[in-house]
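Q: I have a structure here, written as structure tokens, and I will follow up with some questions on it.
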Amino acid sequence: MSNNYDIVAMGAGHNGLTAAAYLAKAGKKVLVLERKSYPGGGVSTRQLSTPGYWHDEHSSVHIMIQGNPMLRQDELGLIGKFGLNYHYSPVPHATIFPDQSVLFTYKDLDKTCANFATVSKKDAETYRAFSKMSMKILQLFMPGLYAPPPPLADLVAMLDKSEEGQLMLDYMQRDCLDLVNQLYESDKIKIHLLRLVSENLQCPDELGTGMGVLLMPGIIHTYGVSQPVGGSGKLTEALVRCIEAHGGEVRCDAEVAQVLTSAGRATGVRMTSGEEFTARDAVIGAIHPHVLEKFVAGVPAPVRERAARATLAPFSIMVSHYDLREKAKYHAGEEVGYATMLEFMATDNLNEMIADFHALRRGEISPRRLCAGGDESIGDPSRVPPGCGMFHGITFAPYKLADGRNWDEVKEEIGDLSLAHYRKFVSNLTSDNIIARKIVSPVDLERSSPNSMMRGDLHGVAPYFYQSAGSRPTRDLGQFRVPGVERLYLAGPFQHPGGGVYGAGRATAIAMFDDLGLDFSQIGEKPEAPKTQVAVLREGMVLRGPADEELMRVEAIRRDGEELVIKGTSLGTLPMEARLDGPSARAGLKLLGARNLAFLASLPFRKGNQP
């Protein structure tokens with residue numbers, strides 16, 4: 001068997017698989033190597049304790065990927081050809097308080113505002129106006145999440161040139177607590193919104209994390225919140241099928257020890273077994289910045305040093321997986337069971353909740369638990385045997401315990417503390433209904449993915465402003481390339497746009513297509529848009545992307561000396577100016593050719609989108 005490939009990918013997390021799938025579809029001979037006995041990384045679904053109970057090991061809810069053209073345009077055929085199917089609950093998010101009262105965020109904005117009005121009519125109207133603004137900004141902001149980002153300094157300069165951009169820049173630099181305090185009066189509504197954005201492993205008062213407050217309402221009320229039918233790992237399975245259908249390979253139990261280089265270029269990988277694989281075109285590495293030096297030689301010292309300083313999240317999570325004889329039943333009523341994201345609050349006092357986050361920073365286990373979870377089998381019975389249930393509990397937890405105790409020794413004890421908290425909300429989370437339990441500590445998370453989930457940070461590095469856009473995880477590595485080592489590309493939650501299920505390997509693939517001289521615009525099959533398609537008005541001259549998103553709105557075209565100047569806004573807020581000189585115009589006419597020139601002349605007289 002030949003060990004020579006065009007593309008070799010180290011790590012079969014969903015981001016690396018996504019990048020590899022695009023390259024395989026483009027005709028490249030692709031090999032993906034995975035250390036574990038199964039692919040998926042943070043996007044995996046397995047039988048952990050009892051046969052027939054399929055638990056999501058890490059990610060469970062797929063939020064941000066819903067705006068990705070990979071799904072919206074089904075560029076890889078994951079939905080149309082390879083079996084991926086999403087379930088959308090009408091209740092994306094709910095919070096239960098100690099008195100069993102509930103706040104719901106529905107997909108339907110009117111229904112959400114009616115629920116909020118039971119607590120505060122003023123806050124309900126504030127939320128309505130804010131959500132409409134969020135949805136508008138989202139339509140313009142989302143395309144940048146799935147493509148290589150601009151350098152952070154350039155992004156700041158562009159945003160600062162418009163009122164809308166200045167608003168986004170303001171939110172990017174503030175903390176979530178400050179923003180919700182400015183907007184809302186009810187502690188319950190503040191807690192409900194802050195707990196949602198804190199799922200990104202951030203304290204509500206961490207500076208430079210405020211974009212979540214701005215974007216999450218728009219995401220929920222535009223796309224909804226979804227889970228793959230059968231579990232999070234069904235996305236991984238579809239990606240693997242896609243790669244294999246295009247002639248690629250995914251090998252598990254295959255641990256990479258070193259990225260091979262020659263003359264400043266990545267040429268392949270060496271396995272821990274000593275076997276080597278050659279990559280003629282490129283290597284994709286799921287390599288956390290903290291371990292870059294371990295796997296790659298020849299990286300300049302300043303690049304290595306900045307990578308080693310990348311900041312991790314201030315805390316992690318502890319996960320409890322329960323196999324149940326019957327589905328979970330909630331004191332607060334049946335509807336909360338359908339919430340895709342469900343919070344179990346120990347307090348309805350904002351200051352107390354903030355104090356519990358501060359305890360996490362200090363490495364303390366707070367007696368007031370910061371817990372979320374739910375029974376996925378209520379919305380997806382395929383996850384369990386007929387009539388049975390499951391419970392997936394998530395508790396924020398410090399990676400290092402302040403009292404010096406070892407997680408391996410105390411995780412069952414701390415799991416019992418969380419179980420006692422869950423039982424305040426779930427009436428049948430009882431010993432006679434529990435078949436089996438598995439507790440996963442922050443240290444276990446790191447062991448599961450040692451080259452990605454450093455110190456239990458599922459999202460790679462913290463979502464701070466200085467680690468965003470082209471500076472995630474550092475300004476050296478923010479374009480998915482490694483200075484000093486050509487044709488080595490990075491993919492993982494530590495890259496733009498951030499942790500969570502984004503399908504962010506698409507951006508890595510775009511960078512690779514550019515360097516390899518491939519045309520990424522030809523990769524999609526242009527199927528009919530899914531029902532989640534967002535209608536966008538077409539007034540004026542607008543350049544649109546493959547998912548019908550607005551890329552640039554042209555506001556003026558004028559002559560300036562011997563050049564034509566085109567001015568407008570990109571992504572709705574970023575001022576853009578393009579200049580066309582004589583040589584470029586001649587080159588453009590050659591690219592168009594006679595047939596396309598004739599079409600261009602007739603275009604103003606055509607109706608709608610007729611061919």
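Letters A, B, ... mark the chains of the structure tokens in the order given; residue numbers begin at 1 per chain; ligand numbers begin at 1, in order shown.
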I need the helix (DSSP H, G or I) residues of range 174-293 of chain A per DSSP on the backbone, written as an MDAnalysis selection string.
A: chainID A and resid 176:183 187:200 211:223 233:245 289:293
Q: Rank nothing, just name the residue among A:Ala124, A:Leu292, A:Val482, A:Leu312 nearest to Asn200 in chain A, using only C-alpha atoms.
A: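 Of A:Ala124, A:Leu292, A:Val482, A:Leu312, the one nearest Asn200 in chain A is A:Leu312, counting only C-alpha atoms.
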Q: Range 416-428 of chain A: which residues within 6 Å, counting only C-alpha atoms, same-chain residues fewer than 2 positions away excluded, as a PyMOL selection string?
A: chain A and resi 329-331+413-414+430
Q: Save the residues we just selected, N, CA, C and O atoms, as a compact mmCIF listing (two decimals), in the first residue's frame?
A:
# COMPACT_ATOMS: atom_id res chain seq x y z
N LYS A 329 -38.43 13.51 33.90
CA LYS A 329 -39.66 14.26 34.15
C LYS A 329 -39.30 15.46 35.02
O LYS A 329 -38.58 15.32 36.01
N TYR A 330 -39.83 16.64 34.65
CA TYR A 330 -39.43 17.88 35.31
C TYR A 330 -40.56 18.44 36.16
O TYR A 330 -41.73 18.46 35.75
N HIS A 331 -40.19 18.92 37.35
CA HIS A 331 -41.17 19.56 38.22
C HIS A 331 -41.80 20.77 37.54
O HIS A 331 -42.97 21.10 37.78
N GLU A 413 -17.50 12.16 43.96
CA GLU A 413 -18.05 12.97 45.05
C GLU A 413 -18.66 14.27 44.52
O GLU A 413 -19.78 14.66 44.90
N ILE A 414 -17.94 14.94 43.62
CA ILE A 414 -18.46 16.18 43.05
C ILE A 414 -19.64 15.87 42.11
O ILE A 414 -20.58 16.65 42.02
N THR A 430 -33.78 9.33 40.04
CA THR A 430 -33.69 8.59 41.30
C THR A 430 -32.89 7.31 41.10
O THR A 430 -32.68 6.85 39.96
Q: What's the separation between CA of Ile557 in chain A and CA of Glu163 in chain A, in Å to one decimal place?
A: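 CA of Ile557 in chain A sits 22.0 Å away from CA of Glu163 in chain A.
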Q: Using only C-alpha atoms, determine which residues lie at most 8 Å from range 164-179 of chain A, disregarding the query and same-chain residues fewer than 6 positions distant; provide the list as a VMD selection string.
A: chain A and resid 156 158 194 204 to 214 465 573 to 574
Q: Can you work out which one of A:Ala286, A:Ile63, A:Ala12, A:Val542 has the shortest atom-to-atom distance to Gln495 in chain A, counting only C-alpha atoms?
A: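 Comparing A:Ala286, A:Ile63, A:Ala12, A:Val542 against Gln495 in chain A, the winner is A:Ala286.
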Q: Between range 50-131 of chain A and range 37-42 of chain A, at 12 Å or less, what are the per-residue closest atom pairs and their distances in Å? Count only C-alpha atoms, order by chain and rising residue number, and return it as JSON lines.
A:
{"residue": "A:Asp56", "atom": "CA", "partner": "A:Gly42", "partner_atom": "CA", "distance": 8.8}
{"residue": "A:Glu57", "atom": "CA", "partner": "A:Gly42", "partner_atom": "CA", "distance": 7.0}
{"residue": "A:His58", "atom": "CA", "partner": "A:Gly42", "partner_atom": "CA", "distance": 5.1}
{"residue": "A:Ser59", "atom": "CA", "partner": "A:Gly42", "partner_atom": "CA", "distance": 5.9}
{"residue": "A:Ser60", "atom": "CA", "partner": "A:Gly42", "partner_atom": "CA", "distance": 9.3}
{"residue": "A:Val61", "atom": "CA", "partner": "A:Gly42", "partner_atom": "CA", "distance": 11.6}
{"residue": "A:His62", "atom": "CA", "partner": "A:Gly42", "partner_atom": "CA", "distance": 11.8}
Q: Would you please extract all strand (DSSP E or B) residues from range 153-254 of chain A, as assigned by DSSP on the backbone, and give them as a list in words?
A: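 For range 153-254 of chain A, the strand (DSSP E or B) set is Ser226, Gln227, Pro228, Glu249, Val250 and Arg251 of chain A.
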Q: Mind writing the picked residues with N, CA, C and O atoms as a PDB file, in the first residue's frame?
A:
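Saved to part.pdb:
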ATOM      1  N   SER A 226     -30.083  23.423  16.892  1.00  0.00           N
ATOM      2  CA  SER A 226     -30.326  22.090  16.358  1.00  0.00           C
ATOM      3  C   SER A 226     -29.390  21.048  16.947  1.00  0.00           C
ATOM      4  O   SER A 226     -28.348  21.369  17.525  1.00  0.00           O
ATOM      5  N   GLN A 227     -29.801  19.795  16.780  1.00  0.00           N
ATOM      6  CA  GLN A 227     -28.984  18.634  17.115  1.00  0.00           C
ATOM      7  C   GLN A 227     -29.154  17.605  16.004  1.00  0.00           C
ATOM      8  O   GLN A 227     -30.267  17.389  15.520  1.00  0.00           O
ATOM      9  N   PRO A 228     -28.069  16.959  15.587  1.00  0.00           N
ATOM     10  CA  PRO A 228     -28.225  15.903  14.585  1.00  0.00           C
ATOM     11  C   PRO A 228     -29.066  14.760  15.138  1.00  0.00           C
ATOM     12  O   PRO A 228     -28.891  14.352  16.297  1.00  0.00           O
ATOM     13  N   GLU A 249      -9.208   8.550   2.759  1.00  0.00           N
ATOM     14  CA  GLU A 249      -9.152   7.545   3.823  1.00  0.00           C
ATOM     15  C   GLU A 249      -9.150   8.235   5.186  1.00  0.00           C
ATOM     16  O   GLU A 249      -8.557   9.304   5.344  1.00  0.00           O
ATOM     17  N   VAL A 250      -9.795   7.595   6.164  1.00  0.00           N
ATOM     18  CA  VAL A 250      -9.742   8.026   7.555  1.00  0.00           C
ATOM     19  C   VAL A 250      -9.281   6.827   8.374  1.00  0.00           C
ATOM     20  O   VAL A 250      -9.977   5.812   8.426  1.00  0.00           O
ATOM     21  N   ARG A 251      -8.101   6.941   8.993  1.00  0.00           N
ATOM     22  CA  ARG A 251      -7.543   5.836   9.768  1.00  0.00           C
ATOM     23  C   ARG A 251      -7.516   6.212  11.249  1.00  0.00           C
ATOM     24  O   ARG A 251      -7.000   7.280  11.618  1.00  0.00           O
TER      25      ARG A 251
END
Q: Give me, please, the distance in Å between CA of Asp74 in chain A and CA of His392 in chain A, quoted to one decimal.
A: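 Computing the Euclidean distance for CA of Asp74 in chain A and CA of His392 in chain A yields 29.7 Å.
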Q: With a distance cut-off of 9 Å and only C-alpha atoms, select the neighbouring residues of Thr278 in chain A, excluding the residue or stretch itself and same-chain residues fewer than 5 positions from it, and output the selection as a list in words.
A: Asn3, Asn4, Tyr5, Asp6, Ile7, Val8, Leu260, Thr267, Gly268, Val269 and Arg270 of chain A
Q: Work out how far CA of Gly374 in chain A is from CA of Leu342 in chain A, in Å to one decimal.
A: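 Going from CA of Leu342 in chain A over to CA of Gly374 in chain A covers 6.3 Å.
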Q: Give me the range 112-157 of chain A side of the contact with range 472-475 of chain A, cut-off 12 Å, one line per residue showing its nearest atom pair and distance in Å at one decimal, counting only C-alpha atoms, sorted by chain and residue number, as JSON lines.
A:
{"residue": "A:Pro148", "atom": "CA", "partner": "A:Arg472", "partner_atom": "CA", "distance": 10.9}
{"residue": "A:Pro149", "atom": "CA", "partner": "A:Arg472", "partner_atom": "CA", "distance": 9.4}
{"residue": "A:Pro150", "atom": "CA", "partner": "A:Arg475", "partner_atom": "CA", "distance": 10.3}
{"residue": "A:Pro151", "atom": "CA", "partner": "A:Arg475", "partner_atom": "CA", "distance": 7.3}
{"residue": "A:Leu152", "atom": "CA", "partner": "A:Arg475", "partner_atom": "CA", "distance": 7.9}
{"residue": "A:Ala153", "atom": "CA", "partner": "A:Arg475", "partner_atom": "CA", "distance": 9.7}
{"residue": "A:Asp154", "atom": "CA", "partner": "A:Arg475", "partner_atom": "CA", "distance": 11.8}
